[in-house]
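Coordinates as given in upload08.cif (mmCIF, C-alpha atoms and all ligand atoms):
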data_target
loop_
_atom_site.label_atom_id
_atom_site.label_comp_id
_atom_site.auth_asym_id
_atom_site.auth_seq_id
_atom_site.Cartn_x
_atom_site.Cartn_y
_atom_site.Cartn_z
CA MET A 4 134.63 55.27 63.66
CA TYR A 5 132.30 55.93 60.70
CA LEU A 6 129.80 53.51 62.19
CA ILE A 7 129.78 55.36 65.55
CA THR A 8 129.35 58.72 63.80
CA PHE A 9 126.54 57.24 61.72
CA LEU A 10 124.77 55.82 64.81
CA VAL A 11 125.10 59.11 66.71
CA ALA A 12 123.69 61.00 63.71
CA LEU A 13 120.84 58.50 63.40
CA PHE A 14 119.97 58.86 67.09
CA TYR A 15 120.02 62.65 66.77
CA VAL A 16 117.74 62.67 63.73
CA ALA A 17 115.35 60.16 65.34
CA THR A 18 115.06 62.20 68.55
CA SER A 19 114.63 65.38 66.63
CA VAL A 20 111.89 63.92 64.41
CA GLN A 21 110.12 62.44 67.43
CA GLU A 22 110.23 65.73 69.32
CA GLU A 23 108.95 67.70 66.34
CA TYR A 24 106.20 65.13 65.91
CA CYS A 25 105.31 65.35 69.61
CA GLN A 26 105.27 69.11 69.52
CA LEU A 27 103.02 69.21 66.53
CA LYS A 28 100.70 66.34 67.08
CA THR A 29 100.45 63.76 69.78
CA ASP A 30 98.96 63.76 73.24
CA SER A 31 100.88 60.73 74.42
CA CYS A 32 104.49 61.38 73.40
CA SER A 33 105.18 63.48 76.47
CA GLN A 34 105.92 60.41 78.55
CA ASP A 35 108.74 59.53 76.12
CA VAL A 36 110.23 62.98 75.82
CA THR A 37 112.42 64.84 78.28
CA GLU A 38 110.95 67.75 80.16
CA LYS A 39 111.66 71.13 78.59
CA TYR A 40 111.68 74.44 80.36
CA LEU A 41 110.49 77.83 79.22
CA PHE A 42 112.04 80.70 81.16
CA TYR A 43 111.25 84.37 80.87
CA ASP A 44 112.27 87.70 82.31
CA VAL A 45 110.69 91.16 82.26
CA ASN A 46 112.11 94.62 81.59
CA PRO A 47 113.71 95.66 84.95
CA PRO A 48 111.71 98.90 85.56
CA GLU A 49 108.34 97.13 85.24
CA GLY A 50 106.42 96.80 88.50
CA PHE A 51 104.93 93.88 90.37
CA ASN A 52 101.46 94.11 88.93
CA LEU A 53 102.42 94.29 85.27
CA ARG A 54 104.67 91.30 85.93
CA ARG A 55 101.66 89.39 87.20
CA ASP A 56 99.98 90.08 83.85
CA VAL A 57 103.07 88.95 81.92
CA TYR A 58 102.97 85.69 83.90
CA MET A 59 99.41 85.16 82.70
CA ARG A 60 100.41 85.59 79.05
CA PHE A 61 103.00 82.80 79.34
CA ALA A 62 100.84 80.57 81.56
CA ILE A 63 97.98 80.82 79.05
CA MET A 64 100.41 80.13 76.19
CA LEU A 65 101.42 76.83 77.81
CA ALA A 66 97.97 75.87 79.05
CA GLU A 67 96.41 76.51 75.63
CA ALA A 68 99.11 74.49 73.83
CA GLN A 69 98.65 71.62 76.25
CA GLY A 70 94.86 71.86 76.00
CA THR A 71 95.24 70.84 72.36
CA GLY A 72 97.50 67.96 73.33
CA LYS A 73 100.69 69.62 72.13
CA ARG A 74 103.95 70.33 73.91
CA LEU A 75 102.97 68.36 76.96
CA ASN A 76 106.59 68.12 78.04
CA TRP A 77 107.04 71.90 78.46
CA ARG A 78 107.10 73.56 81.89
CA LEU A 79 106.98 77.28 82.58
CA VAL A 80 109.65 78.41 85.05
CA LEU A 81 108.41 81.05 87.49
CA PRO A 82 110.93 83.91 87.37
CA PRO A 83 111.96 84.81 90.93
CA TRP A 84 111.14 88.32 92.14
CA TYR A 85 114.41 90.17 92.28
CA ASN A 86 115.40 93.77 92.84
CA LEU A 87 112.12 95.31 91.74
CA TYR A 88 112.47 99.01 91.11
CA HIS A 89 109.62 100.01 93.46
CA TRP A 90 110.57 97.68 96.29
CA LYS A 91 112.56 99.57 98.89
CA ALA A 92 112.66 97.27 101.95
CA SER A 93 116.03 95.55 102.37
CA SER A 94 114.20 92.22 102.83
CA SER A 95 112.87 92.64 99.27
CA LYS A 96 116.26 93.49 97.79
CA SER A 97 118.64 90.92 99.21
CA LEU A 98 117.73 87.62 97.53
CA PRO A 99 115.55 86.46 94.65
CA ILE A 100 112.11 85.71 96.12
CA PRO A 101 110.20 82.60 95.00
CA TRP A 102 106.58 82.82 93.88
CA SER A 103 105.38 80.82 96.88
CA ALA A 104 106.04 83.89 99.06
CA PHE A 105 103.12 85.61 97.34
CA PHE A 106 101.03 82.94 95.59
CA GLU A 107 99.87 79.37 96.18
CA VAL A 108 102.02 77.54 93.64
CA GLU A 109 99.75 74.44 93.73
CA SER A 110 96.89 76.63 92.66
CA LEU A 111 98.97 78.07 89.79
CA GLN A 112 99.76 74.47 88.81
CA SER A 113 96.06 73.64 88.69
CA TYR A 114 95.94 75.90 85.62
CA ALA A 115 99.37 75.67 83.96
CA PRO A 116 102.48 73.44 84.25
CA VAL A 117 104.66 75.81 86.27
CA VAL A 118 107.72 75.17 88.41
CA GLU A 119 109.81 77.36 90.69
CA LEU A 120 113.34 78.10 89.48
CA TYR A 121 114.94 76.65 92.62
CA SER A 122 113.40 73.26 91.86
CA ILE A 123 115.32 73.24 88.55
CA PHE A 124 118.62 73.94 90.30
CA GLU A 125 118.03 70.86 92.42
CA LYS A 126 118.17 68.79 89.22
CA THR A 127 121.29 70.39 87.70
CA LYS A 128 124.93 69.44 88.18
CA ASP A 129 126.60 71.60 90.88
CA LYS A 130 123.41 73.73 90.88
CA GLU A 131 124.66 75.41 87.69
CA LEU A 132 122.12 76.05 84.96
CA ILE A 133 123.17 76.54 81.35
CA LEU A 134 120.30 77.64 79.14
CA ASP A 135 120.40 76.56 75.51
CA ARG A 136 119.32 79.94 74.22
CA VAL A 137 118.11 83.32 75.42
CA TYR A 138 115.98 85.17 72.92
CA VAL A 139 116.04 88.87 73.73
CA LEU A 140 112.80 90.34 72.39
CA GLN A 141 112.83 93.89 71.10
CA ASN A 142 110.06 96.11 69.76
CA TYR A 143 110.03 97.01 66.09
CA ALA A 144 110.90 100.65 65.55
CA ASP A 145 107.58 101.16 63.76
CA ALA A 146 104.78 98.93 65.11
CA PHE A 147 102.16 100.28 62.72
CA LYS A 148 103.99 100.23 59.41
CA ASP A 149 101.68 101.65 56.72
CA GLY A 150 99.05 102.04 59.44
CA VAL A 151 98.60 98.29 60.01
CA PHE A 152 99.69 96.15 62.96
CA THR A 153 100.83 92.77 61.68
CA GLU A 154 102.20 89.92 63.73
CA LYS A 155 105.81 89.32 62.79
CA TRP A 156 109.29 88.59 64.07
CA GLU A 157 112.81 88.49 62.70
CA VAL A 158 116.27 87.75 64.01
CA SER A 159 118.11 91.01 64.53
CA ASP A 160 121.12 92.31 66.41
CA GLY A 161 122.27 94.92 68.90
CA CYS A 162 121.03 93.33 72.13
CA LYS A 163 122.57 91.66 75.15
CA TYR A 164 121.27 89.95 78.25
CA THR A 165 122.88 89.81 81.67
CA GLY A 166 120.02 89.49 84.17
CA TYR A 167 119.12 85.89 85.15
CA TRP A 168 117.06 87.15 88.11
CA GLY A 169 120.14 87.95 90.18
CA TYR A 170 121.67 84.47 89.93
CA THR A 171 125.33 84.13 88.99
CA ASN A 172 125.07 80.37 88.45
CA VAL A 173 122.87 80.75 85.35
CA THR A 174 124.35 81.29 81.90
CA SER A 175 123.38 80.52 78.34
CA ASN A 176 125.05 79.05 75.30
CA GLU A 177 123.71 81.71 72.97
CA VAL A 178 121.93 85.06 73.12
CA VAL A 179 119.77 85.82 70.05
CA CYS A 180 118.12 89.19 69.38
CA ILE A 181 114.59 89.06 67.97
CA ASN A 182 112.42 91.92 66.78
CA PHE A 183 108.94 90.84 67.77
CA GLN A 184 105.39 91.99 67.57
CA GLY A 185 102.36 89.83 68.09
CA LYS A 186 100.73 87.39 70.44
CA VAL A 187 102.66 85.30 72.89
CA SER A 188 101.84 81.95 71.20
CA LYS A 189 103.87 83.16 68.21
CA LEU A 190 106.93 82.49 70.36
CA TRP A 191 106.47 78.76 69.59
CA GLU A 192 107.69 79.59 66.06
CA ILE A 193 110.91 80.94 67.51
CA ILE A 194 111.28 77.96 69.83
CA SER A 195 110.89 75.66 66.82
CA LEU A 196 114.05 77.12 65.27
CA HIS A 197 115.99 74.76 67.54
CA PRO A 198 113.84 71.73 68.32
CA GLN A 199 116.63 70.17 70.38
CA ASP A 200 116.70 73.01 72.91
CA LYS A 201 115.52 72.00 76.37
CA ASN A 202 116.01 75.25 78.27
CA VAL A 203 114.77 78.26 76.33
CA MET A 204 114.40 81.75 77.69
CA PHE A 205 112.71 84.94 76.51
CA ALA A 206 113.97 88.23 77.90
CA HIS A 207 111.56 91.18 77.73
CA GLY A 208 108.59 88.90 78.22
CA GLU A 209 106.38 91.99 78.44
CA ILE A 210 106.62 92.53 74.66
CA PRO A 211 104.37 89.68 73.42
CA LEU A 212 100.65 90.34 73.79
CA HIS A 213 97.95 88.21 75.40
CA ASP A 214 96.47 85.45 73.25
CA SER A 215 93.12 85.73 74.96
CA TYR A 216 92.59 88.82 77.07
CA GLY A 217 89.35 88.87 79.04
CA THR A 218 88.18 85.42 77.87
CA LYS A 219 87.12 82.49 80.08
CA ASN A 220 90.64 81.11 79.72
CA TYR A 221 92.08 84.42 80.90
CA TRP A 222 89.85 84.36 83.98
CA ASP A 223 90.57 80.69 84.70
CA CYS A 224 94.25 81.60 84.78
CA ARG A 225 93.60 84.71 86.86
CA ARG A 226 91.52 82.75 89.37
CA SER A 227 94.35 80.25 89.80
CA MET A 228 96.57 83.09 91.06
CA ARG A 229 95.48 82.59 94.64
CA PHE A 230 97.44 84.58 97.18
CA ASN A 231 99.63 82.90 99.77
CA GLU A 232 97.45 81.86 102.75
CA ASN A 233 99.50 83.87 105.30
CA LEU A 234 98.84 87.07 103.35
CA ILE A 235 95.13 86.32 103.17
CA SER A 236 94.99 85.66 106.94
CA ARG A 237 96.89 88.85 107.75
CA ALA A 238 94.59 90.95 105.56
CA GLU A 239 91.45 89.33 106.99
CA LYS A 240 92.71 89.88 110.54
CA PHE A 241 93.12 93.59 109.75
CA ILE A 242 89.67 93.81 108.18
CA SER A 243 88.06 92.09 111.12
CA LYS A 244 89.90 94.12 113.77
CA HIS A 245 89.92 97.62 112.25
CA LEU A 246 87.06 97.58 109.79
CA ASP A 247 84.70 95.36 111.73
CA CYS A 248 83.82 93.12 108.81
CA HIS A 249 83.95 89.32 108.98
CA THR A 250 83.09 88.22 105.43
CA LYS A 251 84.74 88.68 102.03
CA LEU A 252 81.95 90.92 100.78
CA CYS A 253 81.92 93.76 103.31
CA ASN A 254 79.19 96.40 103.30
CA ASN A 255 80.60 98.87 105.79
CA TYR A 256 83.76 100.43 104.33
CA ILE A 257 84.98 102.00 101.13
CA SER A 258 88.50 101.41 99.78
CA ILE A 259 90.77 103.60 97.70
CA HIS A 260 93.92 102.82 95.77
CA TRP A 261 95.66 106.16 95.91
CA ARG A 262 98.69 105.82 93.60
CA ARG A 263 101.11 108.70 94.14
CA GLN A 264 104.90 108.81 93.67
CA ASP A 265 105.62 108.89 89.91
CA PHE A 266 101.88 109.22 89.14
CA ALA A 267 101.50 112.39 91.25
CA GLN A 268 104.64 113.77 89.64
CA TYR A 269 104.26 112.87 85.96
CA ARG A 270 100.54 112.19 85.50
CA LYS A 271 99.06 115.34 86.94
CA LYS A 272 96.27 115.33 84.35
CA ASP A 273 95.07 111.93 85.65
CA VAL A 274 95.29 112.23 89.45
CA PRO A 275 93.72 114.63 91.96
CA SER A 276 95.26 116.82 94.65
CA ILE A 277 94.98 115.74 98.29
CA LYS A 278 91.94 117.98 98.90
CA GLY A 279 90.45 116.85 95.58
CA THR A 280 90.89 113.19 96.60
CA ALA A 281 89.01 113.76 99.88
CA ARG A 282 86.23 115.63 98.05
CA GLN A 283 85.78 112.79 95.54
CA ILE A 284 85.74 110.09 98.23
CA ASN A 285 83.09 112.00 100.15
CA LYS A 286 80.98 112.50 97.04
CA ALA A 287 81.20 108.81 96.12
CA VAL A 288 80.17 107.69 99.63
CA LYS A 289 77.22 110.09 99.69
CA LYS A 290 76.06 108.69 96.36
CA PHE A 291 76.67 105.01 97.18
CA ASN A 292 75.69 104.68 100.84
CA SER A 293 75.83 107.65 103.16
CA TYR A 294 75.92 105.38 106.24
CA ILE A 295 79.47 104.33 105.41
CA ASP A 296 81.96 106.15 107.61
CA LYS A 297 85.10 103.99 107.25
CA VAL A 298 87.66 104.58 104.52
CA PHE A 299 90.58 102.25 103.84
CA ILE A 300 93.46 103.73 101.87
CA ALA A 301 96.07 101.67 100.03
CA THR A 302 98.85 103.87 98.79
CA ASP A 303 102.50 104.32 97.94
CA ALA A 304 102.30 107.96 99.08
CA ALA A 305 104.78 109.42 101.52
CA ILE A 306 103.45 109.25 105.08
CA THR A 307 103.11 113.07 105.27
CA SER A 308 100.76 113.14 102.25
CA LEU A 309 98.79 110.26 103.70
CA ARG A 310 98.41 112.07 107.02
CA ASN A 311 97.19 115.17 105.15
CA LEU A 312 94.58 113.12 103.33
CA GLU A 313 93.58 111.51 106.60
CA LEU A 314 93.11 114.97 108.14
CA GLU A 315 90.89 116.08 105.26
CA LEU A 316 88.75 112.96 105.54
CA THR A 317 88.54 113.10 109.33
CA GLN A 318 87.21 116.65 109.04
CA LEU A 319 84.51 115.27 106.74
CA GLY A 320 83.54 112.77 109.45
CA TYR A 321 85.29 109.59 108.30
CA SER A 322 87.45 107.19 110.25
CA VAL A 323 90.49 106.54 108.09
CA HIS A 324 92.44 103.26 108.04
CA TYR A 325 95.60 102.08 106.35
CA PHE A 326 97.85 99.09 106.83
CA ILE A 327 101.18 100.03 108.36
CA PRO A 328 103.29 96.89 108.71
CA THR A 329 105.65 96.42 111.65
CA LYS A 330 109.36 95.92 110.97
CA THR A 331 108.92 92.21 111.54
CA GLU A 332 106.03 92.14 109.07
CA ILE A 333 108.11 93.94 106.44
CA GLU A 334 110.81 91.28 106.93
CA LYS A 335 108.25 88.52 106.75
CA TYR A 336 105.94 89.64 103.95
CA LYS A 337 108.32 91.92 101.98
CA ASP A 338 107.07 94.78 99.76
CA GLY A 339 105.22 92.35 97.47
CA GLY A 340 103.35 90.78 100.38
CA ILE A 341 102.47 94.18 101.88
CA ALA A 342 101.14 95.26 98.47
CA ILE A 343 99.01 92.10 98.29
CA ILE A 344 97.65 92.67 101.83
CA ASP A 345 96.62 96.18 100.73
CA GLN A 346 95.01 94.72 97.61
CA ILE A 347 93.06 92.11 99.57
CA ILE A 348 91.71 94.73 101.98
CA CYS A 349 90.63 96.88 99.01
CA SER A 350 89.03 93.86 97.35
CA HIS A 351 86.71 93.11 100.27
CA ALA A 352 85.32 96.67 100.52
CA ALA A 353 81.73 97.59 99.71
CA TYR A 354 82.93 100.12 97.14
CA PHE A 355 86.30 100.70 95.50
CA ILE A 356 87.88 103.71 93.81
CA GLY A 357 91.18 103.19 91.99
CA THR A 358 93.81 105.17 90.14
CA HIS A 359 93.58 105.61 86.36
CA GLU A 360 95.81 103.22 84.39
CA SER A 361 97.53 101.73 87.42
CA THR A 362 98.10 97.99 87.11
CA PHE A 363 97.94 97.85 90.93
CA THR A 364 94.33 99.07 90.63
CA PHE A 365 93.59 96.63 87.77
CA ARG A 366 94.60 93.65 89.91
CA ILE A 367 92.26 94.84 92.71
CA GLN A 368 89.42 95.16 90.20
CA GLU A 369 90.03 91.58 89.03
CA GLU A 370 90.07 90.34 92.62
CA ARG A 371 86.73 92.02 93.26
CA GLU A 372 85.25 90.43 90.12
CA ILE A 373 86.43 87.04 91.38
CA LEU A 374 84.87 87.66 94.81
CA GLY A 375 81.56 88.55 93.16
CA HIS A 376 81.06 92.24 93.93
CA ASP A 377 78.63 94.10 91.70
CA SER A 378 80.78 95.62 88.93
CA SER A 379 79.34 99.09 89.55
CA THR A 380 81.13 99.10 92.93
CA THR A 381 84.47 98.25 91.33
CA PHE A 382 85.20 100.13 88.12
CA ASN A 383 85.53 103.60 89.60
CA ARG A 384 88.49 105.94 89.45
CA LEU A 385 89.82 109.10 91.00
CA CYS A 386 89.59 112.00 88.54
CA PRO A 387 91.86 115.00 88.19
CA ASP A 388 90.67 118.15 90.01
CA SER A 389 89.71 119.64 86.66
CA GLY A 390 89.63 118.60 83.03
CA PRO A 391 88.35 115.44 81.34
CA CYS A 392 88.00 112.17 83.26
CA GLU A 393 87.60 109.15 81.03
CA LYS A 394 85.53 106.30 82.55
CA PRO A 395 87.57 103.17 83.41
CA SER A 396 87.22 100.15 81.11
CA LYS A 397 85.11 97.37 82.62
CA TRP A 398 86.78 93.98 82.42
CA THR A 399 84.12 91.79 83.97
CA ILE A 400 84.63 88.15 84.86
CA VAL A 401 83.78 85.35 82.42
CA HIS A 402 82.96 81.92 83.90
O1 LIG B 501 102.58 97.42 90.80
P1 LIG B 501 102.91 98.51 89.88
O2 LIG B 501 103.49 98.10 88.61
O3 LIG B 501 101.66 99.42 89.63
O4 LIG B 501 104.00 99.43 90.57
P2 LIG B 501 101.45 100.63 88.61
C1 LIG B 501 103.76 100.17 91.68
C2 LIG B 501 104.52 99.63 92.89
O5 LIG B 501 104.44 100.66 93.86
C3 LIG B 501 103.86 98.39 93.51
C4 LIG B 501 104.03 100.14 95.10
O6 LIG B 501 104.37 97.20 93.06
C5 LIG B 501 104.14 98.62 94.99
O7 LIG B 501 105.45 98.22 95.31
N1 LIG B 501 102.63 100.53 95.36
C6 LIG B 501 101.80 101.26 94.59
C7 LIG B 501 101.97 100.22 96.47
N2 LIG B 501 100.63 101.44 95.18
C8 LIG B 501 100.70 100.81 96.37
C9 LIG B 501 99.78 100.62 97.44
O8 LIG B 501 98.65 101.07 97.43
N3 LIG B 501 100.22 99.86 98.48
C10 LIG B 501 101.45 99.31 98.53
N4 LIG B 501 101.78 98.56 99.58
N5 LIG B 501 102.34 99.49 97.55
C11 LIG B 501 103.50 101.26 87.07
C12 LIG B 501 104.98 101.12 87.34
O9 LIG B 501 102.87 101.25 88.32
O10 LIG B 501 103.20 102.49 86.48
C13 LIG B 501 105.83 101.54 86.19
O11 LIG B 501 105.29 99.78 87.61
C14 LIG B 501 105.43 102.89 85.67
O12 LIG B 501 107.18 101.60 86.59
C15 LIG B 501 103.95 102.86 85.35
O13 LIG B 501 105.72 103.85 86.66
C16 LIG B 501 103.48 104.18 84.84
O14 LIG B 501 100.87 100.19 87.32
O15 LIG B 501 100.64 101.58 89.43
#
Any chance you could put this one into structure tokens?
Amino acid sequence: MYLITFLVALFYVATSVQEEYCQLKTDSCSQDVTEKYLFYDVNPPEGFNLRRDVYMRFAIMLAEAQGTGKRLNWRLVLPPWYNLYHWKASSSKSLPIPWSAFFEVESLQSYAPVVELYSIFEKTKDKELILDRVYVLQNYADAFKDGVFTEKWEVSDGCKYTGYWGYTNVTSNEVVCINFQGKVSKLWEIISLHPQDKNVMFAHGEIPLHDSYGTKNYWDCRRSMRFNENLISRAEKFISKHLDCHTKLCNNYISIHWRRQDFAQYRKKDVPSIKGTARQINKAVKKFNSYIDKVFIATDAAITSLRNLELELTQLGYSVHYFIPTKTEIEKYKDGGIAIIDQIICSHAAYFIGTHESTFTFRIQEEREILGHDSSTTFNRLCPDSGPCEKPSKWTIVH
């Protein structure tokens, strides 16, 4: 009996030492060590385009660790898209949606070791997944204590987690609350608390910051986020048919991301009225290229507001276009896919004007940088009808 206990303990210590060693040092241990999975989730009210940024933080965290030969056995699990606050279509609500609906997963894998959640279920007993630990990240009450922002974390209390992306067959052995502030790679310190853990999750993945925002590594990751081919084809078909452009760098239409809804309601000092929007579009076209007479509008506005804007622009001599999906297309592409189609159409335009501080706009700007538009045609924003209008930050591509 004692001998068995001793052998089990010896095995445990040996595995643990080997795994620690592999995590810290070697580039060849990974073949000997079991695959480990890093899961994450994001605060439920956060939208699609912030979530895309959170993905990049984690993907870069893994890619950078592996670039130095460490933690080669870790995989990042792509959190399915489930019940997003802004997504209204029933096809977007019913079931968790895999990443392949919106992105080319092989392209994501060319940058970071990512896997879809459903592929993990295929490996588990009875398709049940029990995570070793969920760390629920929380902000510190005072991020700038004594006026300084320091990276730190500590185990705390008062949290719970019940999400699991809408799946009822996922649970965890322990939920741990962590007050956290700092860069995403600092999460490795928390993971190291339990070197035996194979399935580790972070809830509130939006709290850790980017390790390398705007660097070459950031852009390599961003470039790997290629959209699903069907969405690209649908967008290009629209551009060709309605906007009469047959390349990715069009010279004959201007595009606008006109964020309304909560922005029009709560951010009045940042967004224009309908008339003000039409005036600004007209002014921008006259300055950029007065031969342009086509305007494409991507928006979450109610159809009545959109029709009013269309009327204003038509009176100024423009032909106005927007992508209205059919019922079948809503079923097929879902809200996320429709949003991406809008973004692609905006990204091909000769000139783009976005909405201040909208992550939807930021993703279009990145897409345009990747396509190779001149930055002066990209980092433009709609201003309020009156009052100050801060210029948008320019995050230009790094190769
Ligand atoms: O993507 P997102 O986080 O951008 O959220 P923001 C906006 C959502 O609204 C998108 C829809 O995911 C779409 O579902 N949407 C917005 C659009 N604009 C368009 C558009 O032009 N076309 C289409 N098809 N859909 C954040 C919010 O929004 O702003 C937060 O996520 C919060 O909840 C914050 O409100 C202030 O960054 O613009």
Per residue of chain A within 10 Å of ligand LIG 501 (chain B), record the nearest atom pair and its distance in Å to one decimal, counting all atoms listed in the file, with rows in chain order and ascending residue number, as a Markdown table.
| residue | atom | partner | partner_atom | distance |
| --- | --- | --- | --- | --- |
| A:Asn46 | CA | B:LIG501 | O12 | 9.9 |
| A:Pro47 | CA | B:LIG501 | O12 | 9.0 |
| A:Pro48 | CA | B:LIG501 | O12 | 5.4 |
| A:Glu49 | CA | B:LIG501 | O11 | 4.7 |
| A:Gly50 | CA | B:LIG501 | O2 | 3.2 |
| A:Phe51 | CA | B:LIG501 | O1 | 4.3 |
| A:Asn52 | CA | B:LIG501 | O1 | 4.0 |
| A:Leu53 | CA | B:LIG501 | O2 | 5.2 |
| A:Arg54 | CA | B:LIG501 | O2 | 7.4 |
| A:Arg55 | CA | B:LIG501 | O1 | 8.8 |
| A:Asp56 | CA | B:LIG501 | O2 | 10.0 |
| A:Leu87 | CA | B:LIG501 | O6 | 8.1 |
| A:Tyr88 | CA | B:LIG501 | O12 | 7.4 |
| A:His89 | CA | B:LIG501 | O7 | 4.9 |
| A:Trp90 | CA | B:LIG501 | O7 | 5.2 |
| A:Lys91 | CA | B:LIG501 | O7 | 8.1 |
| A:Ala92 | CA | B:LIG501 | O7 | 9.8 |
| A:Ile259 | CA | B:LIG501 | O8 | 8.3 |
| A:His260 | CA | B:LIG501 | O8 | 5.3 |
| A:Trp261 | CA | B:LIG501 | O8 | 6.1 |
| A:Arg262 | CA | B:LIG501 | N2 | 5.0 |
| A:Arg263 | CA | B:LIG501 | N2 | 7.3 |
| A:Gln264 | CA | B:LIG501 | O5 | 8.2 |
| A:Asp265 | CA | B:LIG501 | O13 | 6.0 |
| A:Phe266 | CA | B:LIG501 | C16 | 6.8 |
| A:Tyr269 | CA | B:LIG501 | C16 | 8.8 |
| A:Arg270 | CA | B:LIG501 | C16 | 8.6 |
| A:Ile300 | CA | B:LIG501 | O8 | 7.3 |
| A:Ala301 | CA | B:LIG501 | O8 | 3.7 |
| A:Thr302 | CA | B:LIG501 | O8 | 3.1 |
| A:Asp303 | CA | B:LIG501 | C8 | 4.2 |
| A:Ala304 | CA | B:LIG501 | N2 | 7.8 |
| A:Tyr325 | CA | B:LIG501 | N3 | 9.4 |
| A:Phe326 | CA | B:LIG501 | N4 | 8.3 |
| A:Ile327 | CA | B:LIG501 | N4 | 8.9 |
| A:Pro328 | CA | B:LIG501 | N4 | 9.4 |
| A:Lys337 | CA | B:LIG501 | O7 | 9.6 |
| A:Asp338 | CA | B:LIG501 | O7 | 5.9 |
| A:Gly339 | CA | B:LIG501 | O7 | 6.3 |
| A:Gly340 | CA | B:LIG501 | N4 | 8.0 |
| A:Ile341 | CA | B:LIG501 | N4 | 5.0 |
| A:Ala342 | CA | B:LIG501 | N4 | 3.5 |
| A:Ile343 | CA | B:LIG501 | N4 | 7.1 |
| A:Ile344 | CA | B:LIG501 | N4 | 7.5 |
| A:Asp345 | CA | B:LIG501 | N3 | 5.6 |
| A:Gln346 | CA | B:LIG501 | O8 | 7.3 |
| A:Cys349 | CA | B:LIG501 | O8 | 9.2 |
| A:Gly357 | CA | B:LIG501 | O8 | 9.5 |
| A:Thr358 | CA | B:LIG501 | O15 | 7.7 |
| A:His359 | CA | B:LIG501 | O15 | 8.7 |
| A:Glu360 | CA | B:LIG501 | O14 | 6.6 |
| A:Ser361 | CA | B:LIG501 | O14 | 3.7 |
| A:Thr362 | CA | B:LIG501 | O14 | 3.5 |
| A:Phe363 | CA | B:LIG501 | O3 | 4.2 |
| A:Thr364 | CA | B:LIG501 | O15 | 6.9 |
| A:Phe365 | CA | B:LIG501 | O14 | 8.1 |
| A:Arg366 | CA | B:LIG501 | O1 | 8.9 |
May I have the residues within 6 Å of Tyr40 in chain A as a list of chain:residue names, using all atoms listed in the file and disregarding those fewer than 4 positions away in the same chain? A:Trp77, A:Arg78, A:Leu79, A:Asn202
Given the selection you just returned, output its residues as a file containing C-alpha atoms, formatted as a PDB file, in the frame of the given file.
ATOM      1  CA  TRP A  77     107.040  71.900  78.460  1.00  0.00           C
ATOM      2  CA  ARG A  78     107.100  73.560  81.890  1.00  0.00           C
ATOM      3  CA  LEU A  79     106.980  77.280  82.580  1.00  0.00           C
ATOM      4  CA  ASN A 202     116.010  75.250  78.270  1.00  0.00           C
TER       5      ASN A 202
END
Applying 12 Å and only C-alpha atoms, which residues near Ile295 in chain A remain after dropping the ones on its own chain fewer than 4 positions away? List them as a list in words. Leu246, Cys253, Asn254, Asn255, Tyr256, Ile257, Ser258, Ile284, Asn285, Lys286, Ala287, Val288, Lys289, Lys290, Phe291, Phe299, Gly320, Tyr321, Ser322, Val323, Ala352, Ala353 and Tyr354 of chain A
Written selection (C-alpha atoms) as an mmCIF file, keeping the file's coordinate frame:
data_model
loop_
_atom_site.group_PDB
_atom_site.id
_atom_site.type_symbol
_atom_site.label_atom_id
_atom_site.label_comp_id
_atom_site.auth_asym_id
_atom_site.auth_seq_id
_atom_site.Cartn_x
_atom_site.Cartn_y
_atom_site.Cartn_z
ATOM 1 C CA LEU A 246 87.060 97.580 109.790
ATOM 2 C CA CYS A 253 81.920 93.760 103.310
ATOM 3 C CA ASN A 254 79.190 96.400 103.300
ATOM 4 C CA ASN A 255 80.600 98.870 105.790
ATOM 5 C CA TYR A 256 83.760 100.430 104.330
ATOM 6 C CA ILE A 257 84.980 102.000 101.130
ATOM 7 C CA SER A 258 88.500 101.410 99.780
ATOM 8 C CA ILE A 284 85.740 110.090 98.230
ATOM 9 C CA ASN A 285 83.090 112.000 100.150
ATOM 10 C CA LYS A 286 80.980 112.500 97.040
ATOM 11 C CA ALA A 287 81.200 108.810 96.120
ATOM 12 C CA VAL A 288 80.170 107.690 99.630
ATOM 13 C CA LYS A 289 77.220 110.090 99.690
ATOM 14 C CA LYS A 290 76.060 108.690 96.360
ATOM 15 C CA PHE A 291 76.670 105.010 97.180
ATOM 16 C CA PHE A 299 90.580 102.250 103.840
ATOM 17 C CA GLY A 320 83.540 112.770 109.450
ATOM 18 C CA TYR A 321 85.290 109.590 108.300
ATOM 19 C CA SER A 322 87.450 107.190 110.250
ATOM 20 C CA VAL A 323 90.490 106.540 108.090
ATOM 21 C CA ALA A 352 85.320 96.670 100.520
ATOM 22 C CA ALA A 353 81.730 97.590 99.710
ATOM 23 C CA TYR A 354 82.930 100.120 97.140
#
How close does each residue of range 189-210 of chain A get to range 179-185 of chain A, giving the shortest atom pair and distance in Å to one decimal for every residue with an atom at most 9 Å away, counting all atoms listed in the file, sorted by chain and residue number, as a tab-separated table?
residue	atom	partner	partner_atom	distance
A:Lys189	CA	A:Gly185	CA	6.8
A:Leu190	CA	A:Gly185	CA	8.9
A:Ile193	CA	A:Ile181	CA	8.9
A:Ile210	CA	A:Gln184	CA	7.2
Once you add 4 Å to each side, what are the centre and edge lengths of the axis-aligned box holding all listed atoms of range 395-398 of chain A? One decimal in Å, as AutoDock Vina command-line options, if you can.
--center_x 86.3 --center_y 98.6 --center_z 82.3 --size_x 10.5 --size_y 17.2 --size_z 10.3
